[in-house]
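J.: Take a look at the following structure, please.
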Amino acid sequence: MSSSKSMRWLITVLVLMLALVISACGAPAAQETVGDAPAAEEAPADAAASSDAAAEEAPAEATEAPAEEASGDAAAAEGDVIKIGALAPLSAPGTVVGGEAMVDAMRIAADEINANGGLLGRPVELVIEDSEGLPERGTAAMEKLINQDQVVAVGGGYHSSVGVAAKEVAHDNGIPVVFAETWNDTITSAMYPEIFRIAPLNSEVTAVDLNWLTSLPYEIGNVVILTENTDYGIPAAQETAAGLEAAGIASETFQTDIGTQDFSAIIDRIRAQNPDFILVLNTGEAGFNFQQQAAEQGIGPQDVPMLCNQDGLESNAYWTNVPDGNLCFLRRVGLPVELYNDVAKSFVERYVELTGKTTAESYALEAYDSIMIIAQAIEEAGSTDPAAIIDALENISYEGALGTITFPVNSKNTPEQAGMDPKWWHQFPDPAITIVQYQEEGQDSLDAPVVFPEIYQTGDLVWVTAE
Amino acid sequence: MMKRSTLLRIGLPAALAFLLLIAPLWIGGSPYIMHLAITAFYYAILAASWSLLAGYAGQFSFAHMSFMAIGAYAAALYGTYIRITTVATETCREIPFFGRWLVILDPIGISQSSQTNCLDLARQTMPAGSMIIQPSIWWGLLFGVVAGGLFGLLIGALVLRLRSTYLALFTIGFSEILRAVISAEIDITQGQSGLEMAPLFPNGITLFGHSYSASDKIPPYYVMLALFLVIMLILSWVVSSRIGLFIRAIREDQEASAALGVHVVRYKVLVFTITAMMAAAAGVIQGHYIGIITPNILIILQMSLVIAMAVIGGLENIYAAAIGAVILLFGLELLRNSFTIGPVTIDMTTWRLVAFGLVLMITLRFFRNGLISPLIDRVMRRNVARETVALRNAATAAATPTATTAGEGGSDE
Amino acid sequence: MANQQIFLLALLWVVFWGAIGSLFTPRIYSRKDLDISRATLGGALVGAALGPIGLIPLWIYTPRFTNRIYAAASIIVLGILILAFARAYPDNLCVSDGGFVASQVTNGIVIGLIYSLMALGLTLIYSILGIVSFAHGEFYMVGGMVVYFMSASTLFGRAGAWVWLLGAAVVTFVIGAIFEILFLRPMGEGKIERPKEYAILVTFGLSFFLQYLVQGLAGANPVKAPRFFDFPVIELPNAEDPYLIKTTAGNLRLFDAVSIPNTRFVSAMISVLLLFALLFFLYRTWTGRGLRAVSEDRQAASVAGINPYRMNTLAFALGGMLAGLSGATLVQVFTWLPQVGIPAAARSFVIIVLGGMGSLPGAFVGGIIVGLVEALGAGCVPDPARAAAYIPAYGMIILTLTLLLKPTGLFGREL
Amino acid sequence: MSKQGDMQQELALDVNHLFKNFGGLQVLSDVNFKIRGPELIGLIGPNGAGKTTLTNILDGALKPSGGTVYLNGKRIDTLPPYLVARAGLGRTFQVTRAFRRMTVMENLLVPAMALHATASRREFEEKAREVLDFLTMSHLTNEYGRALSGGQQKLLELGRLLMLDPRIVILDEPFAGVHPRLMEIIYEWIYRVNDEGKAIILISHDMETIFTLSKRLLVLNYGDLIADGDPDVVKDDPLVKAAYLGEDEPAPASPAGPESAKFALPTRQPGQDDSADDEEGRVNA
């Protein structure tokens, strides 16, 4: 008797929820007619396509609405601080080593600006947000930076997945972002007017890896790629594998969860592959864990040539976590120490002083530059209006720690006009990428000799071969 | 007296709801506060529905976020892989669908090299004027809610025999397995990089003559608020109905309830299903609002946030749990600042969570009904207490001495 | 490849008949009025092993499920799966390379021993207090952190591993004792409604608190302690012959196939030592006997003059200390972070559920089984893209299956 | 509450050849008895005699190994407890099982609403108030179950049975740990329910009450129903004497109180042992 009653109940609840849904069931989310226009991108990008369509009229709005806000802001606090956002991973699962280094670097940049009298006669305040390495946290952090803290631009950024997600918020709000260390190609290939990048492109990094591997005078027949299952690791692994295959080198990819701690079984499997080279695309502590455990199980960097994760550039953390990691190869972005310009030298000096480290990592340099380039853009724009800053960034020529940064592919020289892939949009075209190798235990990463490319080379590589 | 209680029971929530409805008049100018409000409603839905499950029915499930994720992922997969075309594509997997074609796209995984999709191929051969439609996200909401409900039903049925600790462990296990599957099956779910979800109103929306863009916060605010209010209505209906009575009886004593005629199995499964559907609905809306969903929403920290919100608010009161969630969410987010005392800079991003853990423990230890619930009880039970006093006085007057004194009326202990 | 479908089919077959067996056997047994407490698992195993050929006679004759039937059926199931796997993936390392399998098994056992120690702490707490501590992973984390900071400090840096371990033990013991006295004691005094749920939540709060407290104090940088001890470098029988044992400072290789890293070996040995110490404590000291008495019969023990509250405190602190010690030994194996306790705690839950809540031998055997399953899972799953990605799930599948089929675990008391 | 006179003819409980074994242990063997009309029956037996098992089988919580139970022609031994309850068999538990964190009113509403799928809460609140008046507990209407004393919780359980309105009631140790004054109310309850045409099976260690109240006595001894008849006759039955009443060693202490008080009214203070009982009764999983 009561059974039918509560079944009715369940159905009622269902119907209620249905009603809620159906009442809102209106037009389809997106609709596209074939044949009329040059077919826009489809599939998951549907939403993006439609928002792109919206964006066509949006620029007008985008330049207006935030301008209002900004001017209102300025009216409210004439001579008040200019806030610049800083996005970095400061807690796990993010890569904290990288994040903290970047925050230190960005603080130095802000202090330097203020020591030189600030921007437009106003002091600068750096607002730091923790992205935790999570896309959804990244969007929330970006949201807070823009809407709560009212920053005029954002620098930093470490994890690709965060960058991919956070760029949407910045785009929606028309606030410029200069990404310092997010490599995923799609960040720029979306061609958002607000998004700039001084980090290398994933595909370019992969190309460097491939160039290096194929140019080596050693017999490399079999490569193992260890990657994390993120949108930094997987595309990089796929492209590298494809490139290796084209060069006639066999490869096997092992995917791991970002939180993986115990690699012993994977290491045994890798050993069984008998690789001539191991490429590690895991970031943070997972990379450290792998390298040290591999060393302990006899296929470490001293047994098999290994390109280690770039967090290894943070020498203190590297040698604490990978004591047996000598002879690791590392990829470094930025010019080698010998070619440092004055900006880089003075930055490194301050950075060493602040952090007690022996030198600055490449992402610290990038983070520093990401803030400084924003500062220069604000000076050149003569206002904190985001649209003006974006305009200034497009035309900028900034002498920074990484060299002279420009964004040659921009709204005046679109990828189409330049005949280039959209990934070059607002992209610093030639961040130097070098391969260095630790050749002494406890060595500082800046003392480690550069072994590739030839023009930067400062030392010969040590190539270990099995047996 | 009855009038006063009715007034409180209906008037107070109605007033609150009205306040929330007109709140954008004040906070609408600050998208960040609006963002927090939307997120707060989302957590309030989760905390309130979890309090029905854990507080009323006594089922300490750690799988609540899993149901949320199931809902969100179901909607996201639907949005990513389902299209409707007017002409058969011939290149994709497709099913005839009311004179059109329901096309299921191929999983592509994460790749930077733009693979050609079967739909792209088809587009070149399709006659001009034929349409490719991405179906409405609101059907995705339905899909997500149904998926969440089905899993709720399944888990509810599986855990019937498991109590307290065992139930907690089982649901943690389920949640972890789900997380591993989502992060590992990259071809379909895109793993850690997450599935993108369309905004709630991709083309913007015009409300009362004012048009809002897709990224505007006002429309999602009202969508989430509506969901929140509807779910609170359903929840209050559930707790005041026989279901609420029975699940509390089951929580207290399963055998005794059965011996009094309560169909234990049905109500246990029912409450699992209902709460799972609510969590799923919240997940779908939040996913569309945030625009991306990743397996990290399943990490234990997320579940612990919901649990802590419900506990600190008051586990055995859906309203207290919801209010607790809202207050805590705002508290936690607004505390995300670092401040400096003298030479020491305290980074609140971490320390606020330390404080949070401490508050959780202290609440449990010393305020077992939470911090909000006693306040609500005090207001709501005032006339109950009066009635009790009256009854007791009458009893004393009638010289029927009570043998043993009972606790005070409306006591929290 | 069609070959690979063999394994899938075998798996499907086993799962299907296992499900049928586990669903219907209890009903048939209860209809015949036999003990059904073992029928779910028994039916599942017999169904999985023999399919309808086994289930029909089982349902007709309904024998008692002895351990022998369990064992035989489990062996058959394993056999079927292994054979099918070997047929389907003849090139898989787990099929073609004996040395690889030996290495995986060794590694599984070694790491399993360390897991056992941690799970022992949890099961000890459960057997005395009747609760599962959700903060167990944080004790593990704190233990490791203490060792790292002592090893990195100038004061204790040269004191050596034993001192560091002692430090970790003391710190985790004290945290456990304080927490028990402040937050769990009222539960034992009957002041708390629904004590089990309270315990879940309050230990959960502790876990939250400790995790972020450590992060706040120590930052979230990955750290790691140095190797405790180096191996002496030896090669047996001698350098010319194919060796039986060969060591470097950081590695031990047996028969040129099995390689055990020094850090893991040392951790496992310390765990075994601690295990014996624990057994000695529980069986040979007055306090230990008191603990066991309380776990057997609380009231009788308190009549016999044992203060059960003090035993509660001791058990919780001791349990936390065991977790702390297991973290203290593992901090030389893994890179350490404030979040490192979460997967470790989850693994301990798996182990105690599998072994049987509150059972000491169960925790030990369960630890080794979980170690083996994780090692073989990551080592044998054919698709390298999935093998490692599913590591967190292997244990959880054991957990859920155990809870569904035999909630009392391997060594739990039958209800 | 109306007198349900017509039920008197209808009421019938047939217990036929009931067997129960747990594994190898025979707990009940061939138990047979019938109840016709509103009888007041005592069920006694030493600890471990199978009283609780019998109750659990009648209630549906356990399935018998053999035999059948019919209530008014409806077979109930195959039904789950909640359907047995709805079929008209109510019971109390040896350890009180009031819903501790629900108010007294809510406690009473549970059975009423479970029984009637459609009726509204308000209807039953009236009835519940009547019941509370009868139990002299109306001043406790809004108290939580946990705030009641042990004896009051027993009364509450009896109140719930009134709301369930079963045709046959099994009372498991209703007097254990109850203050003498409250015992009077229980007596009154038993007479009233009996007058309403319901059968009552009373399980108690307290011989005095059993002999005072019951008109018929069932004696269980290690699974065998060794006697069934008039209490005075049964008392002198040599089998019973040997098995139970004449037993030398006292039965182990139970909530019913020490064996020495076997033939006296219990003198224990109410609620003395409740917390300990509770703990036992609430062991999880």
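Ligands are numbered from 1 in the order shown, residues from 1 within each chain, and chains are lettered A, B, ... in the order they appear in the structure tokens.
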Can you tell me, as an NGL selection string, what residues are no more than 7 Å from Phe60 of chain B when counting only C-alpha atoms, ignoring any on the same chain fewer than 5 positions away?

T.: :B and (54 or 164 or 167-168)

J.: Can you list, as a PyMOL selection string, every protein, DNA or RNA residue that comes within 10 Å of segment 186-195 of chain B when you count only C-alpha atoms, leaving out same-chain residues fewer than 6 positions away?

T.: (chain A and resi 44+134-136+160-162+164-165+228-234+257-258) or (chain B and resi 72-73+76-77+79-81+106-111+179-180+287+291-296) or (chain C and resi 385-386)

J.: Please produce an output containing N, CA and C atoms for each residue in the selection, written as a short mmCIF file (atom, residue, chain, number, x, y, z; two decimals), in the first residue's frame.

T.:
```
data_model
loop_
_atom_site.label_atom_id
_atom_site.label_comp_id
_atom_site.auth_asym_id
_atom_site.auth_seq_id
_atom_site.Cartn_x
_atom_site.Cartn_y
_atom_site.Cartn_z
N PRO A 44 34.34 20.14 -29.69
CA PRO A 44 34.30 20.76 -28.37
C PRO A 44 34.46 22.27 -28.46
N LEU A 134 45.30 23.47 -10.26
CA LEU A 134 44.01 22.92 -10.68
C LEU A 134 43.31 23.91 -11.59
N PRO A 135 42.82 23.44 -12.74
CA PRO A 135 42.14 24.36 -13.66
C PRO A 135 41.00 25.12 -12.99
N GLU A 136 40.18 24.40 -12.21
CA GLU A 136 39.01 25.09 -11.67
C GLU A 136 39.42 26.11 -10.61
N SER A 160 50.01 24.21 -17.43
CA SER A 160 49.30 24.44 -18.68
C SER A 160 47.80 24.35 -18.51
N SER A 161 47.37 23.32 -17.76
CA SER A 161 45.92 23.13 -17.65
C SER A 161 45.27 24.34 -16.97
N VAL A 162 46.01 24.93 -16.03
CA VAL A 162 45.49 26.14 -15.39
C VAL A 162 45.41 27.27 -16.39
N VAL A 164 45.14 27.10 -19.61
CA VAL A 164 44.08 26.87 -20.60
C VAL A 164 42.73 27.31 -20.03
N ALA A 165 42.49 27.00 -18.78
CA ALA A 165 41.19 27.34 -18.20
C ALA A 165 41.12 28.82 -17.83
N GLU A 228 53.17 12.66 -17.46
CA GLU A 228 52.01 12.78 -16.59
C GLU A 228 50.78 12.97 -17.47
N ASN A 229 49.63 12.57 -16.94
CA ASN A 229 48.44 12.61 -17.79
C ASN A 229 47.75 13.98 -17.73
N THR A 230 48.49 14.99 -18.12
CA THR A 230 47.91 16.34 -18.12
C THR A 230 48.01 16.92 -19.52
N ASP A 231 47.49 18.11 -19.69
CA ASP A 231 47.60 18.67 -21.03
C ASP A 231 48.93 19.37 -21.25
N TYR A 232 49.84 19.26 -20.31
CA TYR A 232 51.23 19.54 -20.65
C TYR A 232 51.86 18.23 -21.15
N GLY A 233 51.70 17.18 -20.36
CA GLY A 233 52.45 15.96 -20.63
C GLY A 233 51.99 15.19 -21.86
N ILE A 234 50.69 15.05 -22.00
CA ILE A 234 50.23 14.14 -23.05
C ILE A 234 50.51 14.67 -24.46
N ASP A 257 49.63 8.94 -13.32
CA ASP A 257 48.80 9.92 -12.66
C ASP A 257 49.72 10.98 -12.04
N ILE A 258 49.25 12.23 -11.94
CA ILE A 258 50.15 13.27 -11.45
C ILE A 258 50.61 12.99 -10.02
N ALA B 72 28.07 15.92 -13.45
CA ALA B 72 28.78 16.90 -14.25
C ALA B 72 29.44 16.24 -15.46
N TYR B 73 30.05 15.10 -15.26
CA TYR B 73 30.71 14.43 -16.38
C TYR B 73 29.70 13.92 -17.40
N ALA B 76 28.88 16.85 -19.34
CA ALA B 76 30.01 17.30 -20.14
C ALA B 76 30.24 16.37 -21.33
N LEU B 77 30.14 15.07 -21.09
CA LEU B 77 30.33 14.12 -22.19
C LEU B 77 29.23 14.31 -23.22
N GLY B 79 27.64 17.05 -23.80
CA GLY B 79 27.89 18.28 -24.55
C GLY B 79 29.05 18.14 -25.53
N THR B 80 30.01 17.30 -25.18
CA THR B 80 31.19 17.19 -26.03
C THR B 80 30.97 16.25 -27.21
N TYR B 81 30.21 15.20 -26.99
CA TYR B 81 30.18 14.14 -27.99
C TYR B 81 28.86 14.00 -28.74
N ASP B 106 33.63 10.96 -32.29
CA ASP B 106 34.67 10.06 -31.81
C ASP B 106 35.44 10.73 -30.69
N PRO B 107 35.81 9.94 -29.68
CA PRO B 107 36.66 10.48 -28.62
C PRO B 107 38.00 10.89 -29.23
N ILE B 108 38.51 12.02 -28.82
CA ILE B 108 39.75 12.48 -29.43
C ILE B 108 40.90 12.56 -28.44
N GLY B 109 40.60 12.59 -27.16
CA GLY B 109 41.67 12.71 -26.20
C GLY B 109 42.29 14.09 -26.22
N ILE B 110 43.44 14.21 -25.59
CA ILE B 110 44.13 15.50 -25.57
C ILE B 110 45.15 15.48 -26.67
N SER B 111 45.04 16.37 -27.58
CA SER B 111 46.05 16.39 -28.62
C SER B 111 46.15 17.80 -29.13
N ARG B 179 37.58 8.42 -9.57
CA ARG B 179 38.58 9.43 -9.90
C ARG B 179 39.68 8.83 -10.78
N ALA B 180 40.10 7.62 -10.42
CA ALA B 180 41.15 6.99 -11.22
C ALA B 180 40.66 6.74 -12.64
N GLY B 287 29.43 22.93 -13.24
CA GLY B 287 30.34 22.62 -14.33
C GLY B 287 30.14 23.57 -15.50
N GLY B 291 32.88 26.16 -16.50
CA GLY B 291 33.34 25.99 -17.87
C GLY B 291 34.28 24.84 -18.07
N ILE B 292 34.70 24.21 -16.99
CA ILE B 292 35.61 23.07 -17.14
C ILE B 292 35.41 22.15 -15.95
N ILE B 293 35.58 20.87 -16.20
CA ILE B 293 35.48 19.94 -15.09
C ILE B 293 36.64 18.96 -15.18
N THR B 294 37.29 18.77 -14.04
CA THR B 294 38.43 17.86 -14.00
C THR B 294 38.22 16.84 -12.88
N PRO B 295 38.98 15.74 -12.92
CA PRO B 295 38.79 14.73 -11.87
C PRO B 295 39.17 15.24 -10.49
N ASN B 296 39.81 16.39 -10.42
CA ASN B 296 40.23 16.87 -9.10
C ASN B 296 39.07 17.29 -8.21
N ALA C 385 49.84 3.01 -20.96
CA ALA C 385 49.19 4.29 -20.67
C ALA C 385 48.27 4.16 -19.47
N ARG C 386 47.80 2.95 -19.19
CA ARG C 386 46.84 2.80 -18.10
C ARG C 386 47.46 2.19 -16.86
#
```

J.: Could you give me, as CSV, every chain B residue with an atom at most 6 Å from chain A, plus its closest atom pair and distance in Å to one decimal, counting only C-alpha atoms, rows ordered by chain then number?

T.:
```
residue,atom,partner,partner_atom,distance
B:Pro31,CA,A:Asn147,CA,5.7
B:Tyr32,CA,A:Asn147,CA,5.0
B:Thr80,CA,A:Pro44,CA,5.3
B:Ser111,CA,A:Pro235,CA,5.1
B:Gln112,CA,A:Pro235,CA,5.8
B:Ala128,CA,A:Gly35,CA,4.4
B:Gly129,CA,A:Val34,CA,5.5
B:Ser130,CA,A:Val34,CA,5.6
B:Met131,CA,A:Thr33,CA,4.5
B:Ile132,CA,A:Glu32,CA,5.2
B:Ile133,CA,A:Gln31,CA,4.4
B:Gln134,CA,A:Ala30,CA,5.0
B:Pro135,CA,A:Pro28,CA,4.7
B:Ser136,CA,A:Pro28,CA,3.9
B:Trp138,CA,A:Cys25,CA,5.3
B:Gln192,CA,A:Thr230,CA,5.0
B:Ser193,CA,A:Asp231,CA,5.2
B:Ala198,CA,A:Ala47,CA,5.3
```

J.: For Ala199 of chain C, which residue out of C:Ile175, C:Ile397, C:Leu244, C:Leu129 is the nearest one, using only C-alpha atoms?

T.: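 Among the listed residues, C:Leu129 lies closest to Ala199 of chain C.
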
J.: How many Å separate atom CA of Pro81 of chain D from atom CA of Val264 of chain B?

T.: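 That distance, rounded to one decimal, is 9.6 Å.
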
J.: Rounded to one decimal in Å, what is the spacing between atom CA of Ala247 of chain A and atom CA of Leu93 of chain C?

T.: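 Separation between atom CA of Ala247 of chain A and atom CA of Leu93 of chain C: 27.0 Å.
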
J.: Identify every residue of chain A that has at least one atom within 10 Å of any atom of chain C, counting only C-alpha atoms, and report the result as a PyMOL selection string.

T.: chain A and resi 90-100+226-229+252-273+284-290+292-298+316-324

J.: Find the residues near Ala256 of chain B: any atom within 8 Å, counting only C-alpha atoms, skip ones fewer than 3 places away on the same chain, and give them as a list in words.

T.: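 Neighbouring residues, sequence-local ones excluded: Asp253, Ala259 and Leu260 of chain B; Phe93 and Arg97 of chain D.
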
J.: Rank nothing, just name the residue among B:Leu227, B:Ala69, B:Ala57, B:Leu207 nearest to chain D, using only C-alpha atoms.

T.: B:Ala57

J.: Tell me which protein, DNA and RNA residues are within 10 Å of segment 80-83 of chain C, counting only C-alpha atoms, leaving out same-chain ones fewer than 2 positions away, and put them as JSON, numbers by chain.

T.: {"C": [6, 7, 8, 10, 11, 14, 48, 49, 50, 74, 75, 76, 77, 78, 85, 86, 87, 88, 89, 94, 95]}

J.: Enumerate the residues of segment 214-336 of chain C with a DSSP assignment of strand (DSSP E), computed from the backbone, and present them as a PyMOL selection string.

T.: chain C and resi 235-236+245-248+251-254+258-261

J.: Take the residues from that selection and write them out as a PDB file, in the first residue's frame, keeping C-alpha atoms.

T.:
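Output file result_1.pdb is given in full below:
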```pdb
ATOM      1  CA  GLU C 235      79.669  -9.435  -5.000  1.00  0.00           C
ATOM      2  CA  LEU C 236      79.083 -13.107  -4.426  1.00  0.00           C
ATOM      3  CA  ILE C 245      74.245 -11.276  -4.935  1.00  0.00           C
ATOM      4  CA  LYS C 246      75.714  -8.006  -5.942  1.00  0.00           C
ATOM      5  CA  THR C 247      75.360  -4.795  -4.039  1.00  0.00           C
ATOM      6  CA  THR C 248      76.192  -1.194  -4.513  1.00  0.00           C
ATOM      7  CA  ASN C 251      71.077  -1.274  -4.505  1.00  0.00           C
ATOM      8  CA  LEU C 252      70.958  -4.982  -4.026  1.00  0.00           C
ATOM      9  CA  ARG C 253      70.696  -7.347  -6.977  1.00  0.00           C
ATOM     10  CA  LEU C 254      69.964 -11.008  -6.743  1.00  0.00           C
ATOM     11  CA  VAL C 258      65.729  -9.023  -8.798  1.00  0.00           C
ATOM     12  CA  SER C 259      66.803  -5.598  -7.764  1.00  0.00           C
ATOM     13  CA  ILE C 260      65.932  -4.132  -4.393  1.00  0.00           C
ATOM     14  CA  PRO C 261      66.802  -0.538  -3.710  1.00  0.00           C
TER      15      PRO C 261
END
```

J.: Might you pull out every residue within 6 Å of segment 133-150 of chain C, with only C-alpha atoms counted and same-chain residues fewer than 3 positions away left off, and present them as a PyMOL selection string?

T.: chain C and resi 153+156-157+164+168+203-204+206-207+225+320+323-325+327-328+331+341-342+344-345

J.: Given only C-alpha atoms as the basis, pick out the residue of C:Asn3, C:Ser30, C:Ser348, C:Thr25 nearest to chain D.

T.: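 For chain D, the nearest of the candidates is C:Ser30.
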
J.: Applying 9 Å and only C-alpha atoms, which residues near Val219 of chain D remain after dropping the ones on its own chain fewer than 2 positions away? List them as a list in words.

T.: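 Counting only C-alpha atoms, the residues come to Gly42, Leu43, Ile44, Gly45, Pro46, Ala49, Leu217, Asn221, Asp224, Leu225, Ile226, Ala227, Asp228, Val234, Val240 and Tyr244 of chain D.
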
J.: Would you output that residue set with C-alpha atoms, as a compact mmCIF listing (two decimals), in the first residue's frame?

T.:
```
# COMPACT_ATOMS: atom_id res chain seq x y z
CA GLY D 42 3.56 -15.92 29.55
CA LEU D 43 6.67 -17.26 27.89
CA ILE D 44 9.46 -18.33 30.18
CA GLY D 45 12.58 -20.33 29.98
CA PRO D 46 16.15 -20.15 31.16
CA ALA D 49 16.17 -21.34 25.88
CA LEU D 217 2.20 -20.30 30.32
CA ASN D 221 13.89 -25.20 27.42
CA ASP D 224 11.89 -27.49 23.23
CA LEU D 225 8.49 -26.28 24.23
CA ILE D 226 8.20 -28.41 27.33
CA ALA D 227 5.00 -27.07 28.74
CA ASP D 228 1.94 -25.18 27.58
CA VAL D 234 2.67 -25.77 34.60
CA VAL D 240 9.45 -27.65 34.11
CA TYR D 244 13.91 -24.40 35.04
```

J.: Compile the residues of chain C that lie within 7 Å of chain B, evaluated using only C-alpha atoms, and express the compilation as a ChimeraX atom specification.

T.: /C:132,183,196-197,202,205-206,208-209,212-213,215-216,386,389-390,392-393,396,399-400,403

J.: Write out as a Markdown table the residues of chain D that have any atom within 7 Å of an atom of chain B, one row each with the nearest atom pair and its distance in Å to one decimal, counting only C-alpha atoms, sorted by chain and then rising number.

T.:
```
| residue | atom | partner | partner_atom | distance |
| --- | --- | --- | --- | --- |
| D:Asp59 | CA | B:Ala259 | CA | 7.0 |
| D:Pro81 | CA | B:Ala259 | CA | 5.5 |
| D:Tyr82 | CA | B:Gly261 | CA | 3.9 |
| D:Leu83 | CA | B:Gly261 | CA | 6.3 |
| D:Ala85 | CA | B:Gly261 | CA | 4.9 |
| D:Arg86 | CA | B:Gly261 | CA | 5.5 |
| D:Gly90 | CA | B:Ala259 | CA | 6.8 |
| D:Arg91 | CA | B:Ala259 | CA | 7.0 |
| D:Arg97 | CA | B:Ala256 | CA | 6.4 |
| D:Phe99 | CA | B:Glu252 | CA | 5.3 |
| D:Arg100 | CA | B:Glu252 | CA | 6.6 |
| D:Val110 | CA | B:Phe246 | CA | 6.5 |
| D:Pro111 | CA | B:Leu260 | CA | 5.0 |
| D:Met113 | CA | B:Arg242 | CA | 6.8 |
| D:Ala114 | CA | B:Val262 | CA | 5.4 |
| D:Leu115 | CA | B:Gly261 | CA | 6.3 |
| D:Ser138 | CA | B:Leu391 | CA | 7.0 |
| D:His139 | CA | B:Leu391 | CA | 4.6 |
| D:Asn142 | CA | B:Thr388 | CA | 6.5 |
| D:Glu143 | CA | B:Gly409 | CA | 5.9 |
| D:Ala147 | CA | B:Gly407 | CA | 5.0 |
| D:Leu148 | CA | B:Ala406 | CA | 5.4 |
| D:Ser149 | CA | B:Thr404 | CA | 6.4 |
| D:Leu164 | CA | B:Leu260 | CA | 6.8 |
| D:Asn284 | CA | B:Arg163 | CA | 6.5 |
| D:Ala285 | CA | B:Arg163 | CA | 5.6 |
```

J.: From the options D:Arg216, D:His116, D:Arg101, D:Lys235, which residue's atoms come nearest to chain C, counting only C-alpha atoms?

T.: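 Closest candidate: D:Arg101.
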
J.: Can you pull out the residues contacting Leu354 of chain A? Cut-off 12 Å, using only C-alpha atoms, and skip same-chain residues under 6 positions away; I want them as an MDAnalysis selection string.

T.: chainID A and resid 101 103:108 111 347:348 360

J.: Grab the residues selected above and save them as a tab-separated table (two decimals), in the first residue's frame with N, CA, C and O atoms.

T.:
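Output saved as out03.tsv:
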```tsv
chain	number	residue	atom	x	y	z
A	101	ALA	N	59.24	29.83	-6.45
A	101	ALA	CA	60.32	30.54	-7.13
A	101	ALA	C	59.74	31.69	-7.95
A	101	ALA	O	60.26	32.81	-7.95
A	103	VAL	N	56.91	33.28	-7.49
A	103	VAL	CA	56.39	34.34	-6.63
A	103	VAL	C	57.53	35.23	-6.14
A	103	VAL	O	57.44	36.46	-6.15
A	104	ASP	N	58.63	34.59	-5.75
A	104	ASP	CA	59.79	35.38	-5.31
A	104	ASP	C	60.25	36.31	-6.42
A	104	ASP	O	60.52	37.50	-6.19
A	105	ALA	N	60.33	35.76	-7.63
A	105	ALA	CA	60.80	36.56	-8.76
A	105	ALA	C	59.85	37.72	-9.03
A	105	ALA	O	60.28	38.86	-9.26
A	106	MET	N	58.56	37.44	-8.95
A	106	MET	CA	57.59	38.50	-9.24
A	106	MET	C	57.61	39.57	-8.15
A	106	MET	O	57.43	40.76	-8.41
A	107	ARG	N	57.86	39.14	-6.92
A	107	ARG	CA	57.99	40.12	-5.83
A	107	ARG	C	59.16	41.06	-6.10
A	107	ARG	O	59.07	42.27	-5.90
A	108	ILE	N	60.26	40.46	-6.55
A	108	ILE	CA	61.44	41.28	-6.85
A	108	ILE	C	61.09	42.30	-7.92
A	108	ILE	O	61.43	43.49	-7.81
A	111	ASP	N	59.02	45.05	-6.39
A	111	ASP	CA	59.84	45.92	-5.54
A	111	ASP	C	60.69	46.85	-6.39
A	111	ASP	O	60.85	48.03	-6.07
A	347	PHE	N	69.03	40.87	-11.84
A	347	PHE	CA	67.91	40.13	-11.24
A	347	PHE	C	68.43	38.94	-10.44
A	347	PHE	O	68.03	38.71	-9.30
A	348	VAL	N	69.32	38.17	-11.06
A	348	VAL	CA	69.84	36.98	-10.38
A	348	VAL	C	70.49	37.37	-9.06
A	348	VAL	O	70.30	36.71	-8.03
A	360	ALA	N	69.22	31.70	-10.15
A	360	ALA	CA	67.80	31.78	-10.48
A	360	ALA	C	67.44	30.76	-11.56
A	360	ALA	O	68.20	30.56	-12.50
```
